[in-house]
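K.L.:
Let me give you the structure first, and then I'll get to my questions.
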Amino acid sequence: MIQRFASLVTCGCVLAGAASADCPPAPDHSADISALLDRVQAAESERAAQLIGNQLWALWADAPDDEAQALLDRGMTRRSAFDFLGALADFDRLIAYCPDYAEGYNQRAFVHYLLRDFASALADLERALALSPDHVAAMSGQALSLYGLSRLAEARAVLEQALKLNPWLPERSLLVPGGPLDAAEIEL
């Protein structure tokens with residue numbers, strides 16, 4: 001019991017320290033992201049687009065400092081291991097420490113989405129997109145969350161916007177004729 005209390009106190013100190021520390025600004029990759037979006041729009045194959053997408057992910061996941069990077073990486077590892085509560089805790093810490101880092105919100109939104117908490121995912125995705133308007137993955141997540149809430153016309157509009165930036169997104173299949181976001185299938 002004492003050991004558990006000590007762990008909680010230590011955890012509380014880490015949280016308090018993280019929330020009170022000053023996070024530096026995230027690296028400005030906007031020019032590189034814009035260039036990669038131009039390249040993905042001109043990609044001639046899905047494979048070529050995937051390779052460019054990987055480069056985009058590397059830029060979005062470039063945290064402001066080592067502490068933020070450790071929180072992001074650990075949260076993503078926990079999410080991959082289906083430790084969703086642990087991942088949420090890490091992303092909460094990351095957002096408390098770096099409230100202006102878009103990827104913290106995007107990653108927390110992904111966990112909320114996996115937990116089928118689409119409303120919470122949308123709130124985080126709105127913040128991520130306010131910080132990084134061309135974050136195609138956040139747009140895609142927003143479309144999927146809207147779809148999860150049966151807000152089909154909105155989901156379609158957001159997905160169409162994302163596809164203008166990256167026409168190779170896997171979610172494009174939702175828009176095919178007869179697909180769940182096919183305009184003919186959605187009652188407006």
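Identifiers for the structure tokens are assigned positionally: chains receive A, B, ... in sequence, residues are indexed from 1 per chain, and ligands are indexed from 1 in the order shown.
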Set the distance at 12 Å and use only C-alpha atoms: which residues neighbour A:Ala89 once local chain neighbours fewer than 6 positions away are removed? I'd like the list as number ranges by chain.
P.N.:
A: 11, 15, 71-72, 74-76, 78-79, 83, 95-96, 104, 107-108, 111-112
K.L.:
So that I can check the surroundings of A:Asp32, please list as a PDB file with N, CA and C atoms, in the first residue's frame every protein, DNA and RNA residue that reaches within 9 Å of it, counting only C-alpha atoms and ignoring chain neighbours fewer than 4 positions away.
P.N.:
```
ATOM      1  N   ASP A  28       8.471  24.066 -37.101  1.00  0.00           N
ATOM      2  CA  ASP A  28       7.653  24.550 -38.211  1.00  0.00           C
ATOM      3  C   ASP A  28       8.019  23.775 -39.470  1.00  0.00           C
ATOM      4  N   LEU A  36       5.111  18.235 -49.646  1.00  0.00           N
ATOM      5  CA  LEU A  36       4.717  16.824 -49.671  1.00  0.00           C
ATOM      6  C   LEU A  36       3.268  16.661 -50.129  1.00  0.00           C
ATOM      7  N   LEU A  37       2.408  17.570 -49.733  1.00  0.00           N
ATOM      8  CA  LEU A  37       1.014  17.507 -50.190  1.00  0.00           C
ATOM      9  C   LEU A  37       0.942  17.722 -51.700  1.00  0.00           C
ATOM     10  N   LEU A  56       4.981  12.541 -44.372  1.00  0.00           N
ATOM     11  CA  LEU A  56       4.092  13.471 -43.663  1.00  0.00           C
ATOM     12  C   LEU A  56       3.981  13.088 -42.193  1.00  0.00           C
ATOM     13  N   LEU A  59       6.846  14.161 -40.081  1.00  0.00           N
ATOM     14  CA  LEU A  59       6.826  15.586 -39.739  1.00  0.00           C
ATOM     15  C   LEU A  59       5.799  15.887 -38.658  1.00  0.00           C
TER      16      LEU A  59
END
```
K.L.:
Of the candidates A:Gln142, A:Arg156, A:Ala119, A:Gln161, which shows the shortest atom-to-atom distance to A:Ser173, using only C-alpha atoms?
P.N.:
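Closest to A:Ser173 of all the choices is A:Arg156.
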K.L.:
Using backbone DSSP assignments, extract all alpha helix (DSSP H) residues from stretch 7-165 of chain A; output them as a VMD selection string.
P.N.:
chain A and resid 7 to 20 30 to 41 46 to 60 66 to 80 84 to 97 102 to 114 118 to 131 136 to 148 152 to 165
K.L.:
Ranking A:Leu85, A:Leu122, A:Val40, A:Ala137 by minimum distance to A:Trp60 and counting only C-alpha atoms, which one comes first?
P.N.:
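Among the listed residues, A:Ala137 lies closest to A:Trp60.
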K.L.:
Which residue out of A:Leu169, A:Leu181, A:Leu175, A:Ala143 has the minimum interatomic distance to A:Arg47 when only C-alpha atoms are used?
P.N.:
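Distance minimum relative to A:Arg47 lands on A:Leu169.
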K.L.:
Restricting the calculation to only C-alpha atoms: of A:Ser34, A:Ser132, A:Ser140, A:Gln55, which residue gets closest to A:Arg172?
P.N.:
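The closest residue to A:Arg172 is A:Ser140.
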K.L.:
Point out the residue among A:Asp92, A:Asp100, A:Ala70, A:Leu165 with the least atom-to-atom distance to A:Ile33, counting only C-alpha atoms.
P.N.:
A:Leu165
K.L.:
Give the answer as one residue: which of A:Glu171, A:Asp134, A:Glu44, A:Glu154 has the shortest atom-to-atom distance to A:Ile186, using only C-alpha atoms?
P.N.:
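Residue with the minimum atom-to-atom distance to A:Ile186: A:Glu154.
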K.L.:
Please report the interatomic distance between atom CA of A:Ala130 and atom CA of A:Pro25 in Å with one decimal.
P.N.:
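So the two atoms, atom CA of A:Ala130 and atom CA of A:Pro25, lie 15.2 Å apart.
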K.L.:
Can you tell me how far atom CA of A:Leu115 sits from atom CA of A:Ala81, in Å to one decimal?
P.N.:
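Distance between the two atoms: 13.8 Å.
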K.L.:
As an exercise, work out the distance from atom CA of A:Ala42 to atom CA of A:Val158 in Å and give it to one decimal place.
P.N.:
20.8 Å
